[in-house]
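Visitor: Below you'll find the structure I mean.
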Amino acid sequence: MTLRLLPRELLLHRSWTCATPSPSLLHSRRLLSSSARTQNVIQTLDERGLLQDLTSRSIRKHVETPTSIYLGVDPSAASLHLGNLLALIALLHFRLEGHDAVALVGGATGSIGDPSGRSTERNALSPEVLQHNVEGITKQVTTFFERGVAFAEERNRSRLTGASEGAEGRGGSVMVVNNLDWLGGLGLLEFLREAGKGARMSTMLSRDSVKSRLDSSSGLSFTEFSYQLLQAYDFLTLHRTHSCTIQLGGSDQMGNIQSGIEMVRRANLKEREEKEGEEGAYGVTIPLLTTSSGEKFGKSAGNAVWLDAGLTSPFELYQFFIKTSDDDVLKYLKLFTFIRVVELEGIMHDHKVDPSLRVAQKILAAEVTELVHGRAGLDQALAYTSICYSDKPLPSLDLPSIVTALDANGEVPSVLTRLSKGDVVGASLEKLLLASGVFGSKTQARRAIESGGIHVNGSKLPPKSHQWVLKDEDVLEGGLVVIKSGKTGHRVLLLE
């Protein structure tokens, strides 16, 4: 199999200057010259590092024909985070290969909380908070698939068009459901008769999520202990109503997934015996997201990167991935993007020519930001990056275009801080820092001024610049003023 090089601009960076974009912003994508082939979705997940475990080897044959797969999402917070994104991407790979994808938001089970991977019991959410979380996450998941299907298909056009006859129309469906719809009105006696009668205590006690808590000082409540039966009942319900045969989840979900498989198989025992060789239900787990040093990502780890643009802006998401280490960047490109692996090899080749250019990190950051926040979000992140980290004088940039991108026309939250020009022109530096929100107290502002840690429009102010005031000539084209404090404190003011 030979490779040929096709020069093609990968839209990673937008030039905010009037000059021609640097050649370093162009990327040659390596494409297979031979005819495209269909790849089993399990092989795809494995190749990209998205596969942790399978409950049965026979699932590889099972997914050769279209089926239905579901992923559960826990509404324990108002937004999903990067760990959830990894699972959604895995589910999207199934959708791209023609399978029906079902995303389940736990409107019922969220009131209990999954004990998997936790050393203590979750704090109970009020009904109002839970409903708010469910609505927000349902919207996030729906938007992700609406955007993600077209986004991924564009980057996998060769796989879709050359796979088999009729490949263009072979994409599966996507559905978002809430388990409150069937668990909310389910009586206790009916649930025990349907789900509890076939459950064996010895098996339930053997689950890692249960054993680890029983051996801990905090113990395990009956509510948490019963969670695996509720999740198993979800699998059974979706198996009956949407023909789901596969459950997808994180590696810490294996015990709950196995409980669901056992419940489905018991319910379908007669049918399974009539169809020799078919197991009826399967499980696929993906790895927990970690760095090369073994650090876990996710909201429980205290360093969450949220998918809600109001909690983690497109700029912050972009910068998070720009900072990826060289040791991690190929791994993350495989996990978080839909660029074909053969092309990733070419990207890494280009990256290693001069790692200081961070070619691979820029591609990674651009792809993830556009997948999560759309083109407007990516434009905003690139504009914010250019104005905060530009090595060129700010007046030389295309400031009107930057303002448009930063405002984003409502597609993502604006990152412009709007202030009245009359209120801040002539104001002291301390007042400007407080009015812009760079600091929340006079003490913090004064300390930063004293140490000389403030930049205005790219120029560093000397220490103890307490007497400095904002003048008309300090206001850039379009009414912009850019303030920086340290490495991460940024504000772009729009004076009106």
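By order in the structure tokens, chains are A, B, ...; within a chain, residues start at 1; ligands start at 1, following the order shown.
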Near region 484-494 of chain A, within 10 Å and counting only C-alpha atoms, which residues show up once chain neighbours fewer than 2 positions away are dropped, as a VMD selection string?
Guide: chain A and resid 316 384 387 to 389 403 406 415 to 421 433 435 to 439 445 448 to 449 452 to 460 475 to 476 478 to 482 496
Visitor: Restrict the selected residues to N, CA and C atoms and save them as a tab-separated table (two decimals), in the first residue's frame.
Guide:
chain	number	residue	atom	x	y	z
A	316	GLU	N	-10.34	28.89	26.36
A	316	GLU	CA	-9.75	28.07	27.43
A	316	GLU	C	-9.61	26.62	26.99
A	384	TYR	N	-8.93	35.25	20.07
A	384	TYR	CA	-8.50	35.56	21.43
A	384	TYR	C	-7.02	35.20	21.60
A	387	ILE	N	-4.78	37.83	19.87
A	387	ILE	CA	-4.70	39.15	20.50
A	387	ILE	C	-3.99	39.09	21.85
A	388	CYS	N	-4.02	37.91	22.48
A	388	CYS	CA	-3.36	37.77	23.79
A	388	CYS	C	-1.91	37.31	23.68
A	389	TYR	N	-1.58	36.59	22.61
A	389	TYR	CA	-0.25	36.02	22.50
A	389	TYR	C	0.47	36.42	21.21
A	403	VAL	N	-12.81	41.64	16.59
A	403	VAL	CA	-14.00	42.00	17.38
A	403	VAL	C	-15.19	41.13	16.99
A	406	LEU	N	-14.63	37.59	18.36
A	406	LEU	CA	-14.73	37.53	19.81
A	406	LEU	C	-16.19	37.63	20.26
A	415	VAL	N	-16.79	37.02	24.54
A	415	VAL	CA	-15.72	37.18	25.53
A	415	VAL	C	-15.28	38.64	25.63
A	416	LEU	N	-16.05	39.51	25.01
A	416	LEU	CA	-15.77	40.94	25.13
A	416	LEU	C	-16.37	41.49	26.42
A	417	THR	N	-15.61	42.31	27.12
A	417	THR	CA	-16.12	43.01	28.29
A	417	THR	C	-16.47	44.42	27.87
A	418	ARG	N	-17.77	44.70	27.81
A	418	ARG	CA	-18.23	46.00	27.32
A	418	ARG	C	-18.30	47.01	28.46
A	419	LEU	N	-17.65	48.15	28.26
A	419	LEU	CA	-17.65	49.22	29.24
A	419	LEU	C	-17.92	50.55	28.53
A	420	SER	N	-18.42	51.50	29.29
A	420	SER	CA	-18.62	52.85	28.75
A	420	SER	C	-17.27	53.55	28.63
A	421	LYS	N	-17.00	54.06	27.46
A	421	LYS	CA	-15.72	54.73	27.24
A	421	LYS	C	-15.56	55.92	28.18
A	433	LEU	N	-8.58	47.99	36.29
A	433	LEU	CA	-8.46	46.56	36.60
A	433	LEU	C	-9.71	46.03	37.30
A	435	ALA	N	-12.83	47.49	37.16
A	435	ALA	CA	-13.98	47.62	36.26
A	435	ALA	C	-14.00	46.52	35.22
A	436	SER	N	-12.81	46.09	34.77
A	436	SER	CA	-12.73	45.06	33.74
A	436	SER	C	-12.92	43.65	34.30
A	437	GLY	N	-12.82	43.51	35.63
A	437	GLY	CA	-12.97	42.19	36.23
A	437	GLY	C	-11.70	41.38	36.28
A	438	VAL	N	-10.57	42.00	35.95
A	438	VAL	CA	-9.30	41.28	36.04
A	438	VAL	C	-9.04	40.86	37.49
A	439	PHE	N	-9.38	41.76	38.43
A	439	PHE	CA	-9.26	41.46	39.84
A	439	PHE	C	-10.57	41.77	40.54
A	445	ALA	N	-5.51	44.09	43.05
A	445	ALA	CA	-5.11	45.00	41.97
A	445	ALA	C	-3.84	45.77	42.35
A	448	ALA	N	-0.71	43.59	42.19
A	448	ALA	CA	-0.25	43.35	40.81
A	448	ALA	C	0.42	44.59	40.23
A	449	ILE	N	-0.13	45.76	40.51
A	449	ILE	CA	0.48	47.00	40.02
A	449	ILE	C	1.84	47.20	40.65
A	452	GLY	N	4.48	45.02	39.02
A	452	GLY	CA	4.73	45.22	37.59
A	452	GLY	C	4.24	44.07	36.73
A	453	GLY	N	3.12	43.47	37.12
A	453	GLY	CA	2.61	42.31	36.38
A	453	GLY	C	1.49	42.63	35.41
A	454	ILE	N	1.34	43.89	35.03
A	454	ILE	CA	0.22	44.29	34.17
A	454	ILE	C	0.72	44.67	32.78
A	455	HIS	N	0.01	44.18	31.75
A	455	HIS	CA	0.26	44.57	30.36
A	455	HIS	C	-1.00	45.25	29.82
A	456	VAL	N	-0.84	46.33	29.10
A	456	VAL	CA	-1.95	46.99	28.42
A	456	VAL	C	-1.62	47.08	26.94
A	457	ASN	N	-2.48	46.46	26.13
A	457	ASN	CA	-2.28	46.43	24.66
A	457	ASN	C	-0.91	45.88	24.28
A	458	GLY	N	-0.47	44.87	25.04
A	458	GLY	CA	0.79	44.20	24.72
A	458	GLY	C	2.02	44.84	25.32
A	459	SER	N	1.89	46.01	25.93
A	459	SER	CA	3.04	46.69	26.52
A	459	SER	C	3.04	46.50	28.04
A	460	LYS	N	4.17	46.08	28.57
A	460	LYS	CA	4.28	45.84	30.01
A	460	LYS	C	4.46	47.17	30.74
A	475	VAL	N	-6.64	53.60	23.36
A	475	VAL	CA	-7.76	52.81	22.85
A	475	VAL	C	-7.49	52.43	21.40
A	476	LEU	N	-7.50	51.15	21.11
A	476	LEU	CA	-7.19	50.66	19.76
A	476	LEU	C	-8.39	50.84	18.84
A	478	GLY	N	-11.60	50.40	16.82
A	478	GLY	CA	-12.82	49.69	17.18
A	478	GLY	C	-13.16	49.78	18.65
A	479	GLY	N	-12.35	50.51	19.43
A	479	GLY	CA	-12.65	50.67	20.85
A	479	GLY	C	-12.08	49.58	21.74
A	480	LEU	N	-11.03	48.87	21.27
A	480	LEU	CA	-10.47	47.76	22.05
A	480	LEU	C	-9.37	48.22	22.99
A	481	VAL	N	-9.35	47.58	24.16
A	481	VAL	CA	-8.25	47.69	25.11
A	481	VAL	C	-8.00	46.28	25.65
A	482	VAL	N	-6.76	45.82	25.54
A	482	VAL	CA	-6.42	44.46	25.96
A	482	VAL	C	-5.58	44.53	27.23
A	496	GLU	N	-17.52	51.51	24.56
A	496	GLU	CA	-18.62	51.99	23.71
A	496	GLU	C	-19.09	53.35	24.15
Visitor: Here is a test: counting only C-alpha atoms, which residue of A:Asn123, A:Thr142, A:Ser111, A:Thr312 is nearest to Leu230 (chain A)?
Guide: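 The shortest atom-to-atom distance to Leu230 (chain A) comes from A:Ser111.
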Visitor: To one decimal in Å, tell me the separation between CA of Leu394 (chain A) and CA of Ala408 (chain A).
Guide: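 Atom-to-atom, CA of Leu394 (chain A) and CA of Ala408 (chain A) are spaced 20.0 Å apart.
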Visitor: DSSP on the backbone, strand (DSSP E or B) only: what residues of region 158-395 of chain A does that give? Format it as a PyMOL selection string.
Guide: chain A and resi 174-178+244-250+282-286+290+296+306
Visitor: I need the residues in region 223-440 of chain A that are helix (DSSP H, G or I) according to DSSP; give them as a PDB file with C-alpha atoms, in the first residue's frame.
Guide:
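What follows is the written file states.pdb:
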ATOM      1  CA  THR A 223     -29.363   2.957  47.662  1.00  0.00           C
ATOM      2  CA  GLU A 224     -25.945   2.849  46.022  1.00  0.00           C
ATOM      3  CA  PHE A 225     -25.897  -0.951  46.135  1.00  0.00           C
ATOM      4  CA  TYR A 227     -27.796   1.264  41.438  1.00  0.00           C
ATOM      5  CA  GLN A 228     -26.458  -1.591  39.314  1.00  0.00           C
ATOM      6  CA  LEU A 229     -29.952  -3.070  39.076  1.00  0.00           C
ATOM      7  CA  LEU A 230     -31.401   0.245  37.913  1.00  0.00           C
ATOM      8  CA  GLN A 231     -28.733   0.582  35.232  1.00  0.00           C
ATOM      9  CA  ALA A 232     -29.289  -3.044  34.219  1.00  0.00           C
ATOM     10  CA  TYR A 233     -32.998  -2.320  33.885  1.00  0.00           C
ATOM     11  CA  ASP A 234     -32.135   0.579  31.561  1.00  0.00           C
ATOM     12  CA  PHE A 235     -30.318  -1.869  29.272  1.00  0.00           C
ATOM     13  CA  LEU A 236     -33.272  -4.256  29.333  1.00  0.00           C
ATOM     14  CA  THR A 237     -35.724  -1.457  28.558  1.00  0.00           C
ATOM     15  CA  LEU A 238     -33.680  -0.124  25.647  1.00  0.00           C
ATOM     16  CA  HIS A 239     -33.163  -3.676  24.394  1.00  0.00           C
ATOM     17  CA  ARG A 240     -36.936  -4.111  24.253  1.00  0.00           C
ATOM     18  CA  THR A 241     -37.870  -0.674  22.924  1.00  0.00           C
ATOM     19  CA  HIS A 242     -34.906   0.194  20.671  1.00  0.00           C
ATOM     20  CA  SER A 251     -13.832   1.212  32.266  1.00  0.00           C
ATOM     21  CA  ASP A 252     -15.249   1.810  35.757  1.00  0.00           C
ATOM     22  CA  GLN A 253     -18.681   0.816  34.414  1.00  0.00           C
ATOM     23  CA  MET A 254     -17.834  -2.793  33.604  1.00  0.00           C
ATOM     24  CA  GLY A 255     -19.648  -4.206  36.646  1.00  0.00           C
ATOM     25  CA  ASN A 256     -22.847  -2.293  35.881  1.00  0.00           C
ATOM     26  CA  ILE A 257     -22.629  -3.278  32.217  1.00  0.00           C
ATOM     27  CA  GLN A 258     -22.272  -6.944  33.115  1.00  0.00           C
ATOM     28  CA  SER A 259     -25.357  -6.680  35.326  1.00  0.00           C
ATOM     29  CA  GLY A 260     -27.313  -5.346  32.364  1.00  0.00           C
ATOM     30  CA  ILE A 261     -26.040  -8.076  30.054  1.00  0.00           C
ATOM     31  CA  GLU A 262     -27.115 -10.743  32.521  1.00  0.00           C
ATOM     32  CA  MET A 263     -30.583  -9.202  32.873  1.00  0.00           C
ATOM     33  CA  VAL A 264     -31.069  -8.994  29.101  1.00  0.00           C
ATOM     34  CA  ARG A 265     -29.897 -12.563  28.602  1.00  0.00           C
ATOM     35  CA  ARG A 266     -32.192 -13.910  31.290  1.00  0.00           C
ATOM     36  CA  ALA A 267     -35.140 -12.093  29.741  1.00  0.00           C
ATOM     37  CA  LEU A 269     -33.125 -16.878  27.253  1.00  0.00           C
ATOM     38  CA  LYS A 270     -35.601 -18.678  25.029  1.00  0.00           C
ATOM     39  CA  GLU A 271     -34.858 -16.509  21.989  1.00  0.00           C
ATOM     40  CA  ARG A 272     -31.130 -16.835  22.560  1.00  0.00           C
ATOM     41  CA  GLU A 273     -31.344 -20.623  22.580  1.00  0.00           C
ATOM     42  CA  GLU A 274     -33.252 -20.535  19.310  1.00  0.00           C
ATOM     43  CA  LYS A 299     -14.697  16.781  37.402  1.00  0.00           C
ATOM     44  CA  SER A 300     -14.006  14.441  40.338  1.00  0.00           C
ATOM     45  CA  ALA A 301     -10.279  15.006  39.883  1.00  0.00           C
ATOM     46  CA  PRO A 314     -13.627  28.044  23.560  1.00  0.00           C
ATOM     47  CA  PHE A 315     -10.380  29.981  24.185  1.00  0.00           C
ATOM     48  CA  GLU A 316      -9.749  28.069  27.425  1.00  0.00           C
ATOM     49  CA  LEU A 317     -10.522  24.746  25.736  1.00  0.00           C
ATOM     50  CA  TYR A 318      -8.182  25.606  22.860  1.00  0.00           C
ATOM     51  CA  GLN A 319      -5.422  26.655  25.246  1.00  0.00           C
ATOM     52  CA  PHE A 320      -5.865  23.475  27.282  1.00  0.00           C
ATOM     53  CA  PHE A 321      -5.042  21.331  24.264  1.00  0.00           C
ATOM     54  CA  ILE A 322      -2.340  23.707  22.978  1.00  0.00           C
ATOM     55  CA  ASP A 326       4.729  16.085  23.136  1.00  0.00           C
ATOM     56  CA  ASP A 327       4.399  12.746  24.960  1.00  0.00           C
ATOM     57  CA  ASP A 328       0.595  12.995  24.950  1.00  0.00           C
ATOM     58  CA  VAL A 329      -0.230  14.754  21.681  1.00  0.00           C
ATOM     59  CA  LEU A 330      -0.419  11.711  19.373  1.00  0.00           C
ATOM     60  CA  LYS A 331      -2.531   9.860  21.926  1.00  0.00           C
ATOM     61  CA  TYR A 332      -4.959  12.779  22.163  1.00  0.00           C
ATOM     62  CA  LEU A 333      -5.085  13.238  18.386  1.00  0.00           C
ATOM     63  CA  LYS A 334      -6.222   9.629  18.076  1.00  0.00           C
ATOM     64  CA  LEU A 335      -8.740   9.922  20.899  1.00  0.00           C
ATOM     65  CA  PHE A 336     -10.290  13.336  20.300  1.00  0.00           C
ATOM     66  CA  VAL A 341      -4.550   7.487  11.720  1.00  0.00           C
ATOM     67  CA  VAL A 342      -2.478   7.367   8.537  1.00  0.00           C
ATOM     68  CA  GLU A 343      -2.760  11.156   8.324  1.00  0.00           C
ATOM     69  CA  LEU A 344      -1.831  11.512  11.994  1.00  0.00           C
ATOM     70  CA  GLU A 345       1.447   9.779  11.200  1.00  0.00           C
ATOM     71  CA  GLY A 346       2.161  12.534   8.681  1.00  0.00           C
ATOM     72  CA  ILE A 347       1.194  15.227  11.183  1.00  0.00           C
ATOM     73  CA  MET A 348       3.585  13.804  13.761  1.00  0.00           C
ATOM     74  CA  HIS A 349       6.334  13.647  11.129  1.00  0.00           C
ATOM     75  CA  ASP A 350       5.819  17.355  10.432  1.00  0.00           C
ATOM     76  CA  HIS A 351       5.675  18.093  14.155  1.00  0.00           C
ATOM     77  CA  LYS A 352       8.984  16.407  14.901  1.00  0.00           C
ATOM     78  CA  VAL A 353      10.788  18.537  12.294  1.00  0.00           C
ATOM     79  CA  PRO A 355       8.499  20.644  17.908  1.00  0.00           C
ATOM     80  CA  SER A 356       8.732  24.270  19.037  1.00  0.00           C
ATOM     81  CA  LEU A 357       6.149  25.189  16.369  1.00  0.00           C
ATOM     82  CA  VAL A 359       2.109  21.840  14.821  1.00  0.00           C
ATOM     83  CA  ALA A 360       0.452  18.746  16.282  1.00  0.00           C
ATOM     84  CA  GLN A 361      -0.896  20.627  19.309  1.00  0.00           C
ATOM     85  CA  LYS A 362      -2.406  23.351  17.099  1.00  0.00           C
ATOM     86  CA  ILE A 363      -4.193  20.764  14.977  1.00  0.00           C
ATOM     87  CA  LEU A 364      -5.440  18.967  18.080  1.00  0.00           C
ATOM     88  CA  ALA A 365      -6.672  22.171  19.721  1.00  0.00           C
ATOM     89  CA  ALA A 366      -8.413  23.389  16.554  1.00  0.00           C
ATOM     90  CA  GLU A 367     -10.142  20.061  15.881  1.00  0.00           C
ATOM     91  CA  VAL A 368     -11.476  19.633  19.423  1.00  0.00           C
ATOM     92  CA  THR A 369     -12.600  23.247  19.724  1.00  0.00           C
ATOM     93  CA  GLU A 370     -14.522  23.118  16.444  1.00  0.00           C
ATOM     94  CA  LEU A 371     -16.073  19.749  17.315  1.00  0.00           C
ATOM     95  CA  VAL A 372     -17.329  21.032  20.676  1.00  0.00           C
ATOM     96  CA  HIS A 373     -18.156  24.677  19.894  1.00  0.00           C
ATOM     97  CA  GLY A 374     -18.492  24.860  16.128  1.00  0.00           C
ATOM     98  CA  ARG A 375     -16.716  27.144  13.690  1.00  0.00           C
ATOM     99  CA  ALA A 376     -17.751  30.278  15.574  1.00  0.00           C
ATOM    100  CA  GLY A 377     -16.183  28.887  18.736  1.00  0.00           C
ATOM    101  CA  LEU A 378     -12.955  28.059  16.926  1.00  0.00           C
ATOM    102  CA  ASP A 379     -12.809  31.521  15.327  1.00  0.00           C
ATOM    103  CA  GLN A 380     -13.293  33.074  18.753  1.00  0.00           C
ATOM    104  CA  ALA A 381     -10.546  30.935  20.300  1.00  0.00           C
ATOM    105  CA  LEU A 382      -8.101  31.773  17.504  1.00  0.00           C
ATOM    106  CA  ALA A 383      -8.934  35.494  17.665  1.00  0.00           C
ATOM    107  CA  TYR A 384      -8.496  35.558  21.431  1.00  0.00           C
ATOM    108  CA  THR A 385      -5.209  33.657  21.113  1.00  0.00           C
ATOM    109  CA  SER A 386      -3.903  36.052  18.467  1.00  0.00           C
ATOM    110  CA  ILE A 387      -4.698  39.149  20.500  1.00  0.00           C
ATOM    111  CA  CYS A 388      -3.355  37.775  23.790  1.00  0.00           C
ATOM    112  CA  TYR A 389      -0.252  36.020  22.501  1.00  0.00           C
ATOM    113  CA  LEU A 394      -1.710  44.823  18.238  1.00  0.00           C
ATOM    114  CA  PRO A 395      -2.505  47.816  15.976  1.00  0.00           C
ATOM    115  CA  SER A 396      -1.122  45.799  13.016  1.00  0.00           C
ATOM    116  CA  LEU A 399      -8.935  44.355  14.772  1.00  0.00           C
ATOM    117  CA  PRO A 400     -12.464  44.699  13.267  1.00  0.00           C
ATOM    118  CA  SER A 401     -12.402  41.009  12.290  1.00  0.00           C
ATOM    119  CA  ILE A 402     -11.127  40.119  15.744  1.00  0.00           C
ATOM    120  CA  VAL A 403     -13.996  41.998  17.382  1.00  0.00           C
ATOM    121  CA  THR A 404     -16.499  40.118  15.204  1.00  0.00           C
ATOM    122  CA  ALA A 405     -14.952  36.768  16.096  1.00  0.00           C
ATOM    123  CA  LEU A 406     -14.733  37.529  19.813  1.00  0.00           C
ATOM    124  CA  ASP A 407     -18.384  38.561  19.890  1.00  0.00           C
ATOM    125  CA  ALA A 408     -19.364  35.351  18.016  1.00  0.00           C
ATOM    126  CA  ASN A 409     -22.805  36.726  17.097  1.00  0.00           C
ATOM    127  CA  GLY A 410     -24.455  34.775  19.917  1.00  0.00           C
ATOM    128  CA  LYS A 421     -15.716  54.732  27.238  1.00  0.00           C
ATOM    129  CA  GLY A 422     -16.568  57.777  29.301  1.00  0.00           C
ATOM    130  CA  ASP A 423     -16.265  55.788  32.521  1.00  0.00           C
ATOM    131  CA  VAL A 424     -12.789  54.375  31.951  1.00  0.00           C
ATOM    132  CA  LEU A 429      -5.046  51.673  36.432  1.00  0.00           C
ATOM    133  CA  GLU A 430      -6.511  50.309  39.666  1.00  0.00           C
ATOM    134  CA  LYS A 431     -10.019  51.379  38.648  1.00  0.00           C
ATOM    135  CA  LEU A 432      -9.539  49.919  35.174  1.00  0.00           C
ATOM    136  CA  LEU A 433      -8.464  46.558  36.595  1.00  0.00           C
ATOM    137  CA  LEU A 434     -11.479  46.424  38.882  1.00  0.00           C
ATOM    138  CA  ALA A 435     -13.985  47.622  36.263  1.00  0.00           C
ATOM    139  CA  SER A 436     -12.730  45.056  33.740  1.00  0.00           C
TER     140      SER A 436
END
